[in-house]
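*Asks:* Below is a structure I'd like to ask you about.
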Amino acid sequence: MRGIISTAVLTFITYILFSGSTKPFDLVTGIIVAVGVGLLVGKYLVQNDAKALNPLRWLWGVIYFIWYMLVAETKAHLDVMMRVITGKYEAGIVKVPIEVKTDYAKTLIANSITNTPGTVVVDLDDKYMYVNWINVITEEPEEAKKKICEDFERFAKKIFE
Amino acid sequence: MKRLVPLIILLITIFGLAYYITPKLPQQTELRPLGEFYLKNSYFGDYSAKSPEVVTSILWDYRGLDTLFETSVFFIAIIGSLTLFRLNKKQEEEAKQKAEEFRIGLTLIIKSVTRVIVVMILAVSASIALHGHLTPGGGFQGGSALAVAPLLIIAAYSKYALEEHGLDKTRALIFRSIGLLGIALVALVPLLSGGFLMQNQPIFPAKLGGQLVSGSLIYYNFFEFLAVGAGFTAVFLLLAIPEKVFKKFLRREANE
Amino acid sequence: MNEVITFIWTVIILSLIATVIISLYGIARRPNLTKKLIALTIFTDTANLLVVLLGYRLIYPVAPPVLPSFSKEALQTFVKTAVDPLPQAFVITAVVIGMAVNVLIAFAIIQIYRLYGTVDARKLGEKQSTLLKEGGI
């Protein structure tokens, strides 16, 4: 019976946001749908209930979202803007090691890298990601990691590991 | 450049013709009497369906019989596609067996995003179907949205992942039959209390526990949601049988 | 204001009619069965859109046929601005049934491909006649 509560919460939030009203009818049908979906697919979503329901991890998730949208995105956008204007770039694919183990953490890092302009994850396996980088400063994996995704990985560890 | 010439000719013709005939067209600013009747009666009037959503009240109340028979057309079209792809018992078992080369799926990123997205799609489709009597939407639209969830799983994982965890063609057909049976039963209930087929008010209560459910509309929407979603799921499961496996069946049949 | 709306409306209707003509060309002249199916879906969708446009009213504040609030005064303004709901109700069922019929045709095309090895309508005719002569079917 793992994963029911967290999946039900996710379903309920989506349901209410999509319906756009909080009348008793929405709340009652929302709870019924949420419990149904939780029973149906909860066990495929969540490996560990204690992790999924830990409020500290959710707090870190919110902090990460704000930090990512305000700081990381702005930095990457400014960098790419400068490159567009000056025309100084040297694109290439580099190998970046990743230390996180869980699927969600890997997904978070890969999506974060892809979503910032200038870097795109092309492929990944158990230990390495292959990143298409707009300005290859170094081909050394550890060095590249510091430039590309060290902050993302630190947050991903706090949220999902 | 050569491809652009017909496009430009088409655009000039359309705009020229529109400019030419616009003043001569009759301007339709008034409602037709029938449309006005539906708008006035759907919630307040004497022939009320007790629903603020006029389209849904036409669909399942005023012209309910049309929709009932159109649902049967849908039912027969799905049956037709299943018949074209029919397999005997042995072949069906074999089609379910894991073929390692076809069950790899896409990368880890897509798989874990799909898991979260599927949950959200289920919530959104249920919201569309259950609010059919209040906001635009309803059983058909919700069911079509519901069918996207198994389609995503088939694309990201494989059809075998869906079957291993319990959703195979037979189950989908059972869900669809439950939906269609529900529609038929809700249509027949008014006959018991002396009404006519598919009657809505005043046989079904318009409010349940103080909340507007618009009589039979919510039941129709829910069962249609099940029927459409499960029907398309069955079709997608059949479409996802790898070409190689199916060709093997055909070749063996030809040899026997 | 009203003339602009009428002009845009006419342009939309004429473009839809042009799309219908193009899709009919696709159905009639493309030999590939899959492309015929694509043209058919374009045709049904355009026809549905034309039916929805039948219910449109050429006035400026125009509302969808959903009652905004439960009061008699709201009903008065609602009837003045709302579009005709009947064509929309027809189109909802037509869309889903169109989808089911498209699935049926797609299945038939896949089956034809598996049996004959081609989806070209011209080659299909030749293959059928040779198979009939040889007694293959």
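Going through the structure tokens in order, the chains are called A, B, and so on, while each chain numbers its residues from 1 and the ligands are numbered from 1 in the order shown.
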Once you count only C-alpha atoms, which residues of chain C turn out to be within 7 Å of chain B? Could you give them as a PyMOL selection string?
*Replies:* chain C and resi 6-7+10-11+14-15+57-59+65-67+79+84-86+88-89+93+96-97+100-101+104+107-108
*Asks:* Output N, CA and C atoms for every residue in that selection, as a CSV table (one decimal), in the first residue's frame.
*Replies:*
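The resulting result_11.csv:
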chain,number,residue,atom,x,y,z
C,6,THR,N,-17.8,40.7,-39.7
C,6,THR,CA,-18.3,40.0,-40.8
C,6,THR,C,-17.2,39.6,-41.8
C,7,PHE,N,-16.3,40.5,-42.0
C,7,PHE,CA,-15.2,40.3,-43.0
C,7,PHE,C,-14.4,39.1,-42.5
C,10,THR,N,-16.3,35.9,-43.0
C,10,THR,CA,-16.3,35.5,-44.3
C,10,THR,C,-15.0,34.8,-44.7
C,11,VAL,N,-13.9,35.5,-44.3
C,11,VAL,CA,-12.5,34.9,-44.6
C,11,VAL,C,-12.4,33.5,-44.1
C,14,LEU,N,-14.5,31.0,-46.1
C,14,LEU,CA,-14.0,30.7,-47.4
C,14,LEU,C,-12.7,29.9,-47.3
C,15,SER,N,-11.9,30.1,-46.2
C,15,SER,CA,-10.7,29.3,-46.1
C,15,SER,C,-11.1,27.9,-45.7
C,57,ARG,N,-23.0,34.0,-33.9
C,57,ARG,CA,-23.7,35.2,-34.1
C,57,ARG,C,-22.8,36.4,-34.4
C,58,LEU,N,-23.1,37.2,-35.3
C,58,LEU,CA,-22.2,38.3,-35.7
C,58,LEU,C,-22.4,39.5,-34.9
C,59,ILE,N,-22.2,39.4,-33.6
C,59,ILE,CA,-22.3,40.5,-32.7
C,59,ILE,C,-21.0,40.6,-31.9
C,65,PRO,N,-22.2,29.0,-24.7
C,65,PRO,CA,-23.6,28.7,-24.2
C,65,PRO,C,-23.5,28.0,-22.8
C,66,VAL,N,-22.8,28.7,-21.8
C,66,VAL,CA,-22.8,28.2,-20.4
C,66,VAL,C,-23.3,29.3,-19.6
C,67,LEU,N,-24.4,29.0,-18.8
C,67,LEU,CA,-25.0,30.0,-18.0
C,67,LEU,C,-24.0,30.6,-16.9
C,79,VAL,N,-29.1,35.2,-22.9
C,79,VAL,CA,-29.8,34.9,-24.2
C,79,VAL,C,-29.5,35.9,-25.3
C,84,ASP,N,-25.6,29.8,-30.6
C,84,ASP,CA,-26.5,28.7,-30.7
C,84,ASP,C,-25.9,27.4,-30.2
C,85,PRO,N,-26.4,26.7,-29.2
C,85,PRO,CA,-25.7,25.5,-28.7
C,85,PRO,C,-26.0,24.3,-29.5
C,86,LEU,N,-27.0,24.3,-30.4
C,86,LEU,CA,-27.4,23.0,-31.0
C,86,LEU,C,-26.3,22.4,-31.9
C,88,GLN,N,-23.1,22.8,-31.7
C,88,GLN,CA,-22.0,22.3,-30.9
C,88,GLN,C,-22.3,20.9,-30.4
C,89,ALA,N,-23.6,20.7,-29.9
C,89,ALA,CA,-23.9,19.4,-29.4
C,89,ALA,C,-23.8,18.3,-30.4
C,93,THR,N,-20.5,14.7,-30.6
C,93,THR,CA,-20.6,13.3,-30.8
C,93,THR,C,-19.9,13.0,-32.2
C,96,VAL,N,-16.1,12.4,-31.7
C,96,VAL,CA,-15.6,11.1,-31.1
C,96,VAL,C,-15.9,10.0,-32.1
C,97,ILE,N,-17.1,10.0,-32.7
C,97,ILE,CA,-17.4,8.9,-33.6
C,97,ILE,C,-16.5,8.9,-34.8
C,100,ALA,N,-13.4,7.2,-33.8
C,100,ALA,CA,-13.6,5.7,-33.8
C,100,ALA,C,-13.5,5.2,-35.2
C,101,VAL,N,-14.2,5.9,-36.2
C,101,VAL,CA,-14.2,5.4,-37.5
C,101,VAL,C,-12.8,5.5,-38.2
C,104,LEU,N,-11.0,2.6,-37.1
C,104,LEU,CA,-11.4,1.4,-37.9
C,104,LEU,C,-10.7,1.4,-39.3
C,107,PHE,N,-7.0,0.6,-38.9
C,107,PHE,CA,-6.8,-0.9,-38.7
C,107,PHE,C,-6.9,-1.6,-40.1
C,108,ALA,N,-7.9,-1.2,-40.9
C,108,ALA,CA,-8.1,-1.8,-42.2
C,108,ALA,C,-6.9,-1.6,-43.1
*Asks:* Could you give me, as JSON, numbers by chain, the residues within 7 Å of Ser23 (chain C), counting only C-alpha atoms and dropping anything in the same chain fewer than 4 positions from it?
*Replies:* {"C": [19, 27, 39, 40, 42, 43]}
*Asks:* Would you save the residues from that selection as an mmCIF file, in the first residue's frame, using N, CA and C atoms?
*Replies:*
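again_22.cif, freshly written:
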data_model
loop_
_atom_site.group_PDB
_atom_site.id
_atom_site.type_symbol
_atom_site.label_atom_id
_atom_site.label_comp_id
_atom_site.auth_asym_id
_atom_site.auth_seq_id
_atom_site.Cartn_x
_atom_site.Cartn_y
_atom_site.Cartn_z
ATOM 1 N N THR C 19 -10.123 24.566 -47.726
ATOM 2 C CA THR C 19 -9.552 23.367 -47.095
ATOM 3 C C THR C 19 -10.339 22.127 -47.486
ATOM 4 N N ILE C 27 -8.165 13.099 -51.059
ATOM 5 C CA ILE C 27 -8.853 11.807 -51.007
ATOM 6 C C ILE C 27 -8.909 11.193 -52.399
ATOM 7 N N ALA C 39 -6.151 12.896 -45.434
ATOM 8 C CA ALA C 39 -7.020 13.863 -46.104
ATOM 9 C C ALA C 39 -8.451 13.740 -45.584
ATOM 10 N N LEU C 40 -8.862 12.508 -45.314
ATOM 11 C CA LEU C 40 -10.223 12.299 -44.796
ATOM 12 C C LEU C 40 -10.403 12.932 -43.423
ATOM 13 N N ILE C 42 -8.759 15.509 -42.293
ATOM 14 C CA ILE C 42 -8.837 16.962 -42.504
ATOM 15 C C ILE C 42 -10.246 17.327 -42.951
ATOM 16 N N PHE C 43 -10.811 16.507 -43.832
ATOM 17 C CA PHE C 43 -12.159 16.785 -44.352
ATOM 18 C C PHE C 43 -13.200 16.771 -43.234
#
*Asks:* Compile a residue-level contact table for chain B against chain A at a cut-off of 10 Å, reporting for every qualifying residue the shortest atom pair and its distance in Å to one decimal, with only C-alpha atoms counted, rows ordered by chain and ascending number, as CSV.
*Replies:*
residue,atom,partner,partner_atom,distance
B:Thr107,CA,A:Leu124,CA,8.1
B:Leu108,CA,A:Asp103,CA,7.0
B:Ile109,CA,A:Thr107,CA,4.9
B:Ile110,CA,A:Thr107,CA,8.2
B:Lys111,CA,A:Asp103,CA,8.9
B:Ser112,CA,A:Tyr104,CA,6.4
B:Val113,CA,A:Thr107,CA,7.5
B:Thr114,CA,A:Leu45,CA,10.0
B:Arg115,CA,A:Leu45,CA,6.2
B:Val116,CA,A:Leu45,CA,7.2
B:Val118,CA,A:Val41,CA,9.1
B:Val119,CA,A:Thr11,CA,6.4
B:Met120,CA,A:Thr11,CA,6.1
B:Ile121,CA,A:Thr14,CA,8.9
B:Leu122,CA,A:Val37,CA,7.3
B:Ala123,CA,A:Tyr15,CA,5.2
B:Val124,CA,A:Tyr15,CA,5.9
B:Ser125,CA,A:Tyr15,CA,8.9
B:Ala126,CA,A:Val33,CA,7.1
B:Ser127,CA,A:Tyr15,CA,6.1
B:Ile128,CA,A:Ser19,CA,8.0
B:Leu130,CA,A:Thr29,CA,7.7
B:His131,CA,A:Ser19,CA,7.9
B:Thr135,CA,A:Ser19,CA,9.0
B:His165,CA,A:Tyr44,CA,9.8
B:Leu208,CA,A:Phe25,CA,9.4
B:Gly209,CA,A:Phe25,CA,9.3
B:Gly210,CA,A:Phe25,CA,9.0
B:Gln211,CA,A:Phe25,CA,6.0
B:Leu212,CA,A:Phe25,CA,7.9
B:Val213,CA,A:Phe25,CA,8.6
*Asks:* Of the candidates B:Glu93, B:Lys248, B:Lys2, B:Leu226, which one gets nearest to Ala147 (chain B) if we count only C-alpha atoms?
*Replies:*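 Checking each candidate against Ala147 (chain B), we get B:Leu226 as the closest.
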*Asks:* Using DSSP secondary structure from the backbone, list all alpha helix (DSSP H) positions within region 19-157 of chain A, as an mmCIF file with N, CA and C atoms, in the first residue's frame.
*Replies:*
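Okay, result.cif is ready:
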data_model
loop_
_atom_site.group_PDB
_atom_site.id
_atom_site.type_symbol
_atom_site.label_atom_id
_atom_site.label_comp_id
_atom_site.auth_asym_id
_atom_site.auth_seq_id
_atom_site.Cartn_x
_atom_site.Cartn_y
_atom_site.Cartn_z
ATOM 1 N N SER A 19 -10.033 22.305 -12.125
ATOM 2 C CA SER A 19 -11.439 22.685 -12.017
ATOM 3 C C SER A 19 -11.587 24.178 -11.767
ATOM 4 N N PRO A 24 -18.122 22.431 -2.532
ATOM 5 C CA PRO A 24 -18.131 21.073 -1.956
ATOM 6 C C PRO A 24 -18.176 19.982 -3.020
ATOM 7 N N PHE A 25 -18.890 20.237 -4.140
ATOM 8 C CA PHE A 25 -18.939 19.218 -5.197
ATOM 9 C C PHE A 25 -17.538 18.884 -5.709
ATOM 10 N N ASP A 26 -16.710 19.943 -5.967
ATOM 11 C CA ASP A 26 -15.356 19.715 -6.462
ATOM 12 C C ASP A 26 -14.531 18.963 -5.436
ATOM 13 N N LEU A 27 -14.678 19.368 -4.137
ATOM 14 C CA LEU A 27 -13.862 18.733 -3.110
ATOM 15 C C LEU A 27 -14.202 17.255 -2.977
ATOM 16 N N VAL A 28 -15.524 16.935 -2.957
ATOM 17 C CA VAL A 28 -15.930 15.535 -2.770
ATOM 18 C C VAL A 28 -15.485 14.687 -3.957
ATOM 19 N N THR A 29 -15.812 15.122 -5.191
ATOM 20 C CA THR A 29 -15.397 14.324 -6.351
ATOM 21 C C THR A 29 -13.876 14.268 -6.424
ATOM 22 N N GLY A 30 -13.213 15.378 -6.047
ATOM 23 C CA GLY A 30 -11.751 15.383 -6.073
ATOM 24 C C GLY A 30 -11.171 14.337 -5.155
ATOM 25 N N ILE A 31 -11.734 14.223 -3.941
ATOM 26 C CA ILE A 31 -11.201 13.224 -3.001
ATOM 27 C C ILE A 31 -11.449 11.816 -3.535
ATOM 28 N N ILE A 32 -12.653 11.578 -4.107
ATOM 29 C CA ILE A 32 -12.942 10.239 -4.644
ATOM 30 C C ILE A 32 -11.951 9.887 -5.758
ATOM 31 N N VAL A 33 -11.774 10.834 -6.710
ATOM 32 C CA VAL A 33 -10.848 10.584 -7.815
ATOM 33 C C VAL A 33 -9.433 10.375 -7.293
ATOM 34 N N ALA A 34 -9.023 11.209 -6.298
ATOM 35 C CA ALA A 34 -7.655 11.123 -5.788
ATOM 36 C C ALA A 34 -7.392 9.768 -5.155
ATOM 37 N N VAL A 35 -8.344 9.288 -4.333
ATOM 38 C CA VAL A 35 -8.149 7.984 -3.690
ATOM 39 C C VAL A 35 -8.116 6.882 -4.752
ATOM 40 N N GLY A 36 -9.008 6.992 -5.748
ATOM 41 C CA GLY A 36 -9.028 5.981 -6.811
ATOM 42 C C GLY A 36 -7.721 5.929 -7.559
ATOM 43 N N VAL A 37 -7.221 7.095 -7.975
ATOM 44 C CA VAL A 37 -5.959 7.125 -8.722
ATOM 45 C C VAL A 37 -4.810 6.651 -7.854
ATOM 46 N N GLY A 38 -4.827 7.042 -6.565
ATOM 47 C CA GLY A 38 -3.771 6.618 -5.659
ATOM 48 C C GLY A 38 -3.712 5.104 -5.529
ATOM 49 N N LEU A 39 -4.882 4.480 -5.354
ATOM 50 C CA LEU A 39 -4.914 3.020 -5.255
ATOM 51 C C LEU A 39 -4.447 2.375 -6.546
ATOM 52 N N LEU A 40 -4.790 3.004 -7.667
ATOM 53 C CA LEU A 40 -4.522 2.405 -8.979
ATOM 54 C C LEU A 40 -3.036 2.454 -9.328
ATOM 55 N N VAL A 41 -2.420 3.649 -9.226
ATOM 56 C CA VAL A 41 -1.061 3.791 -9.745
ATOM 57 C C VAL A 41 -0.038 4.202 -8.696
ATOM 58 N N GLY A 42 -0.472 4.351 -7.403
ATOM 59 C CA GLY A 42 0.450 4.843 -6.387
ATOM 60 C C GLY A 42 1.735 4.048 -6.285
ATOM 61 N N LYS A 43 1.618 2.707 -6.375
ATOM 62 C CA LYS A 43 2.812 1.891 -6.120
ATOM 63 C C LYS A 43 3.862 2.002 -7.219
ATOM 64 N N TYR A 44 3.468 2.510 -8.397
ATOM 65 C CA TYR A 44 4.472 2.674 -9.451
ATOM 66 C C TYR A 44 5.196 4.011 -9.347
ATOM 67 N N LEU A 45 4.587 4.957 -8.619
ATOM 68 C CA LEU A 45 5.181 6.300 -8.557
ATOM 69 C C LEU A 45 6.200 6.432 -7.447
ATOM 70 N N ASP A 49 7.676 5.732 1.063
ATOM 71 C CA ASP A 49 6.667 6.671 1.545
ATOM 72 C C ASP A 49 7.251 7.732 2.467
ATOM 73 N N ALA A 50 8.189 7.328 3.334
ATOM 74 C CA ALA A 50 8.741 8.276 4.307
ATOM 75 C C ALA A 50 9.414 9.432 3.584
ATOM 76 N N LYS A 51 10.109 9.118 2.489
ATOM 77 C CA LYS A 51 10.769 10.166 1.712
ATOM 78 C C LYS A 51 9.742 11.070 1.053
ATOM 79 N N ALA A 52 8.699 10.438 0.463
ATOM 80 C CA ALA A 52 7.751 11.220 -0.329
ATOM 81 C C ALA A 52 6.946 12.169 0.526
ATOM 82 N N PRO A 55 8.173 16.677 4.846
ATOM 83 C CA PRO A 55 7.952 18.087 4.471
ATOM 84 C C PRO A 55 9.246 18.839 4.184
ATOM 85 N N LEU A 56 10.365 18.398 4.814
ATOM 86 C CA LEU A 56 11.638 19.073 4.575
ATOM 87 C C LEU A 56 12.031 18.972 3.105
ATOM 88 N N ARG A 57 11.800 17.780 2.523
ATOM 89 C CA ARG A 57 12.125 17.596 1.103
ATOM 90 C C ARG A 57 11.259 18.487 0.223
ATOM 91 N N TRP A 58 9.972 18.602 0.594
ATOM 92 C CA TRP A 58 9.087 19.478 -0.181
ATOM 93 C C TRP A 58 9.558 20.917 -0.087
ATOM 94 N N LEU A 59 10.011 21.318 1.138
ATOM 95 C CA LEU A 59 10.507 22.682 1.322
ATOM 96 C C LEU A 59 11.717 22.916 0.428
ATOM 97 N N TRP A 60 12.633 21.933 0.430
ATOM 98 C CA TRP A 60 13.800 22.056 -0.441
ATOM 99 C C TRP A 60 13.377 22.140 -1.901
ATOM 100 N N GLY A 61 12.322 21.409 -2.267
ATOM 101 C CA GLY A 61 11.824 21.460 -3.645
ATOM 102 C C GLY A 61 11.356 22.856 -4.007
ATOM 103 N N VAL A 62 10.603 23.495 -3.071
ATOM 104 C CA VAL A 62 10.120 24.862 -3.333
ATOM 105 C C VAL A 62 11.294 25.822 -3.453
ATOM 106 N N ILE A 63 12.258 25.685 -2.495
ATOM 107 C CA ILE A 63 13.434 26.569 -2.540
ATOM 108 C C ILE A 63 14.170 26.382 -3.865
ATOM 109 N N TYR A 64 14.330 25.112 -4.249
ATOM 110 C CA TYR A 64 15.034 24.837 -5.501
ATOM 111 C C TYR A 64 14.315 25.479 -6.683
ATOM 112 N N PHE A 65 12.969 25.379 -6.691
ATOM 113 C CA PHE A 65 12.190 25.941 -7.807
ATOM 114 C C PHE A 65 12.430 27.444 -7.905
ATOM 115 N N ILE A 66 12.343 28.128 -6.733
ATOM 116 C CA ILE A 66 12.526 29.588 -6.754
ATOM 117 C C ILE A 66 13.943 29.940 -7.187
ATOM 118 N N TRP A 67 14.922 29.240 -6.571
ATOM 119 C CA TRP A 67 16.323 29.515 -6.907
ATOM 120 C C TRP A 67 16.582 29.267 -8.386
ATOM 121 N N GLU A 73 18.315 30.280 -14.139
ATOM 122 C CA GLU A 73 17.790 30.632 -15.463
ATOM 123 C C GLU A 73 18.337 31.975 -15.923
ATOM 124 N N THR A 74 18.341 32.973 -15.007
ATOM 125 C CA THR A 74 18.807 34.305 -15.385
ATOM 126 C C THR A 74 20.265 34.256 -15.818
ATOM 127 N N LYS A 75 21.086 33.543 -15.000
ATOM 128 C CA LYS A 75 22.512 33.447 -15.328
ATOM 129 C C LYS A 75 22.703 32.859 -16.727
ATOM 130 N N ALA A 76 21.992 31.727 -16.995
ATOM 131 C CA ALA A 76 22.176 31.049 -18.271
ATOM 132 C C ALA A 76 21.682 31.924 -19.420
ATOM 133 N N HIS A 77 20.554 32.609 -19.193
ATOM 134 C CA HIS A 77 20.029 33.452 -20.259
ATOM 135 C C HIS A 77 20.996 34.571 -20.603
ATOM 136 N N LEU A 78 21.557 35.220 -19.544
ATOM 137 C CA LEU A 78 22.491 36.319 -19.793
ATOM 138 C C LEU A 78 23.700 35.820 -20.563
ATOM 139 N N ASP A 79 24.210 34.647 -20.139
ATOM 140 C CA ASP A 79 25.382 34.078 -20.796
ATOM 141 C C ASP A 79 25.116 33.859 -22.271
ATOM 142 N N VAL A 80 23.957 33.204 -22.584
ATOM 143 C CA VAL A 80 23.644 32.907 -23.980
ATOM 144 C C VAL A 80 23.406 34.196 -24.763
ATOM 145 N N MET A 81 22.785 35.195 -24.105
ATOM 146 C CA MET A 81 22.555 36.479 -24.776
ATOM 147 C C MET A 81 23.881 37.089 -25.208
ATOM 148 N N MET A 82 24.852 37.083 -24.277
ATOM 149 C CA MET A 82 26.162 37.637 -24.601
ATOM 150 C C MET A 82 26.769 36.898 -25.788
ATOM 151 N N ARG A 83 26.611 35.568 -25.785
ATOM 152 C CA ARG A 83 27.215 34.788 -26.880
ATOM 153 C C ARG A 83 26.526 35.077 -28.209
ATOM 154 N N VAL A 84 25.202 35.297 -28.154
ATOM 155 C CA VAL A 84 24.472 35.617 -29.376
ATOM 156 C C VAL A 84 24.980 36.935 -29.942
ATOM 157 N N ILE A 85 25.222 37.927 -29.044
ATOM 158 C CA ILE A 85 25.646 39.248 -29.524
ATOM 159 C C ILE A 85 27.091 39.208 -30.011
ATOM 160 N N THR A 86 27.987 38.614 -29.171
ATOM 161 C CA THR A 86 29.400 38.651 -29.531
ATOM 162 C C THR A 86 29.781 37.570 -30.536
ATOM 163 N N ASP A 103 15.869 7.481 -9.808
ATOM 164 C CA ASP A 103 15.387 7.907 -11.122
ATOM 165 C C ASP A 103 14.974 9.369 -11.129
ATOM 166 N N TYR A 104 14.225 9.758 -10.071
ATOM 167 C CA TYR A 104 13.698 11.124 -10.055
ATOM 168 C C TYR A 104 14.818 12.142 -9.953
ATOM 169 N N ALA A 105 15.850 11.833 -9.163
ATOM 170 C CA ALA A 105 16.953 12.780 -9.033
ATOM 171 C C ALA A 105 17.662 12.956 -10.369
ATOM 172 N N LYS A 106 17.909 11.823 -11.048
ATOM 173 C CA LYS A 106 18.557 11.906 -12.366
ATOM 174 C C LYS A 106 17.705 12.740 -13.314
ATOM 175 N N THR A 107 16.365 12.473 -13.289
ATOM 176 C CA THR A 107 15.463 13.212 -14.174
ATOM 177 C C THR A 107 15.505 14.693 -13.870
ATOM 178 N N LEU A 108 15.527 15.017 -12.550
ATOM 179 C CA LEU A 108 15.542 16.435 -12.165
ATOM 180 C C LEU A 108 16.792 17.112 -12.695
ATOM 181 N N ILE A 109 17.948 16.447 -12.524
ATOM 182 C CA ILE A 109 19.196 17.069 -12.985
ATOM 183 C C ILE A 109 19.179 17.224 -14.502
ATOM 184 N N ALA A 110 18.782 16.151 -15.189
ATOM 185 C CA ALA A 110 18.806 16.194 -16.654
ATOM 186 C C ALA A 110 17.863 17.260 -17.179
ATOM 187 N N ASN A 111 16.656 17.337 -16.603
ATOM 188 C CA ASN A 111 15.695 18.341 -17.072
ATOM 189 C C ASN A 111 16.158 19.747 -16.737
ATOM 190 N N SER A 112 16.800 19.912 -15.551
ATOM 191 C CA SER A 112 17.298 21.234 -15.197
ATOM 192 C C SER A 112 18.362 21.686 -16.192
ATOM 193 N N ILE A 113 19.265 20.760 -16.539
ATOM 194 C CA ILE A 113 20.326 21.111 -17.488
ATOM 195 C C ILE A 113 19.721 21.461 -18.844
ATOM 196 N N THR A 114 18.753 20.645 -19.291
ATOM 197 C CA THR A 114 18.179 20.881 -20.612
ATOM 198 C C THR A 114 17.390 22.181 -20.647
ATOM 199 N N ASN A 115 16.742 22.515 -19.534
ATOM 200 C CA ASN A 115 15.859 23.685 -19.529
ATOM 201 C C ASN A 115 16.621 24.993 -19.489
ATOM 202 N N PRO A 141 35.841 15.643 -17.338
ATOM 203 C CA PRO A 141 34.497 15.438 -16.801
ATOM 204 C C PRO A 141 34.232 16.167 -15.493
ATOM 205 N N GLU A 142 35.193 16.084 -14.526
ATOM 206 C CA GLU A 142 34.945 16.695 -13.211
ATOM 207 C C GLU A 142 34.864 18.215 -13.326
ATOM 208 N N GLU A 143 35.752 18.779 -14.151
ATOM 209 C CA GLU A 143 35.747 20.234 -14.342
ATOM 210 C C GLU A 143 34.427 20.677 -14.966
ATOM 211 N N ALA A 144 33.992 19.928 -15.989
ATOM 212 C CA ALA A 144 32.755 20.275 -16.694
ATOM 213 C C ALA A 144 31.585 20.209 -15.732
ATOM 214 N N LYS A 145 31.637 19.220 -14.830
ATOM 215 C CA LYS A 145 30.540 19.078 -13.885
ATOM 216 C C LYS A 145 30.408 20.311 -13.010
ATOM 217 N N LYS A 146 31.571 20.852 -12.575
ATOM 218 C CA LYS A 146 31.538 22.039 -11.738
ATOM 219 C C LYS A 146 30.857 23.181 -12.458
ATOM 220 N N LYS A 147 31.130 23.301 -13.750
ATOM 221 C CA LYS A 147 30.565 24.418 -14.520
ATOM 222 C C LYS A 147 29.072 24.201 -14.801
ATOM 223 N N ILE A 148 28.676 22.938 -15.042
ATOM 224 C CA ILE A 148 27.330 22.716 -15.570
ATOM 225 C C ILE A 148 26.317 22.436 -14.468
ATOM 226 N N GLU A 150 26.764 21.273 -10.806
ATOM 227 C CA GLU A 150 27.059 20.927 -9.419
ATOM 228 C C GLU A 150 25.935 21.379 -8.479
ATOM 229 N N ASP A 151 25.414 22.600 -8.726
ATOM 230 C CA ASP A 151 24.348 23.114 -7.861
ATOM 231 C C ASP A 151 23.085 22.268 -7.995
ATOM 232 N N PHE A 152 22.756 21.914 -9.237
ATOM 233 C CA PHE A 152 21.560 21.103 -9.457
ATOM 234 C C PHE A 152 21.669 19.798 -8.681
ATOM 235 N N GLU A 153 22.873 19.207 -8.713
ATOM 236 C CA GLU A 153 23.025 17.908 -8.073
ATOM 237 C C GLU A 153 22.933 18.025 -6.553
ATOM 238 N N ARG A 154 23.449 19.141 -6.030
ATOM 239 C CA ARG A 154 23.375 19.321 -4.582
ATOM 240 C C ARG A 154 21.903 19.381 -4.131
ATOM 241 N N PHE A 155 21.105 20.163 -4.893
ATOM 242 C CA PHE A 155 19.689 20.254 -4.542
ATOM 243 C C PHE A 155 18.976 18.913 -4.780
ATOM 244 N N ALA A 156 19.288 18.241 -5.877
ATOM 245 C CA ALA A 156 18.623 16.974 -6.188
ATOM 246 C C ALA A 156 18.867 15.962 -5.087
ATOM 247 N N LYS A 157 20.093 15.995 -4.499
ATOM 248 C CA LYS A 157 20.389 15.071 -3.400
ATOM 249 C C LYS A 157 19.511 15.381 -2.200
#
*Asks:* Which neighbours of Leu124 (chain C) fall inside 12 Å, counting only C-alpha atoms, when residues of the same chain fewer than 4 positions from it are skipped, and could you give them as an mmCIF file with C-alpha atoms, in the first residue's frame?
*Replies:*
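Generated output (selection_5.cif):
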data_model
loop_
_atom_site.group_PDB
_atom_site.id
_atom_site.type_symbol
_atom_site.label_atom_id
_atom_site.label_comp_id
_atom_site.auth_asym_id
_atom_site.auth_seq_id
_atom_site.Cartn_x
_atom_site.Cartn_y
_atom_site.Cartn_z
ATOM 1 C CA PRO C 31 -2.652 6.840 -54.354
ATOM 2 C CA ASN C 32 -1.328 6.116 -50.839
ATOM 3 C CA LEU C 33 -4.105 4.859 -48.569
ATOM 4 C CA ILE C 109 -5.093 -0.092 -43.821
ATOM 5 C CA ILE C 112 -4.150 -4.476 -46.042
ATOM 6 C CA TYR C 113 -0.463 -3.684 -45.673
ATOM 7 C CA LEU C 115 -1.752 -9.017 -46.380
ATOM 8 C CA TYR C 116 -0.617 -7.395 -49.622
ATOM 9 C CA GLY C 117 2.632 -5.704 -48.642
ATOM 10 C CA THR C 118 1.624 -2.325 -50.077
ATOM 11 C CA VAL C 119 -0.753 0.568 -49.390
ATOM 12 C CA ASP C 120 -0.619 2.003 -52.917
ATOM 13 C CA GLN C 128 -5.686 -8.366 -56.259
ATOM 14 C CA SER C 129 -6.379 -9.286 -59.882
ATOM 15 C CA THR C 130 -3.253 -11.427 -60.168
ATOM 16 C CA LEU C 131 -4.046 -13.149 -56.877
#
*Asks:* Looking at only C-alpha atoms, which of C:Ala63, C:Ile12, C:Ile5, C:Ala94 is the one that sits closest to Ala82 (chain C)?
*Replies:*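 Closest candidate: C:Ala63.
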*Asks:* Find the residues around Ile154 (chain B) up to 12 Å (only C-alpha atoms counted), leave out those fewer than 3 positions away in its own chain, and share them as a ChimeraX atom specification.
*Replies:* /B:102-106,111,114-115,118,147-151,157-163,167-168,233-242
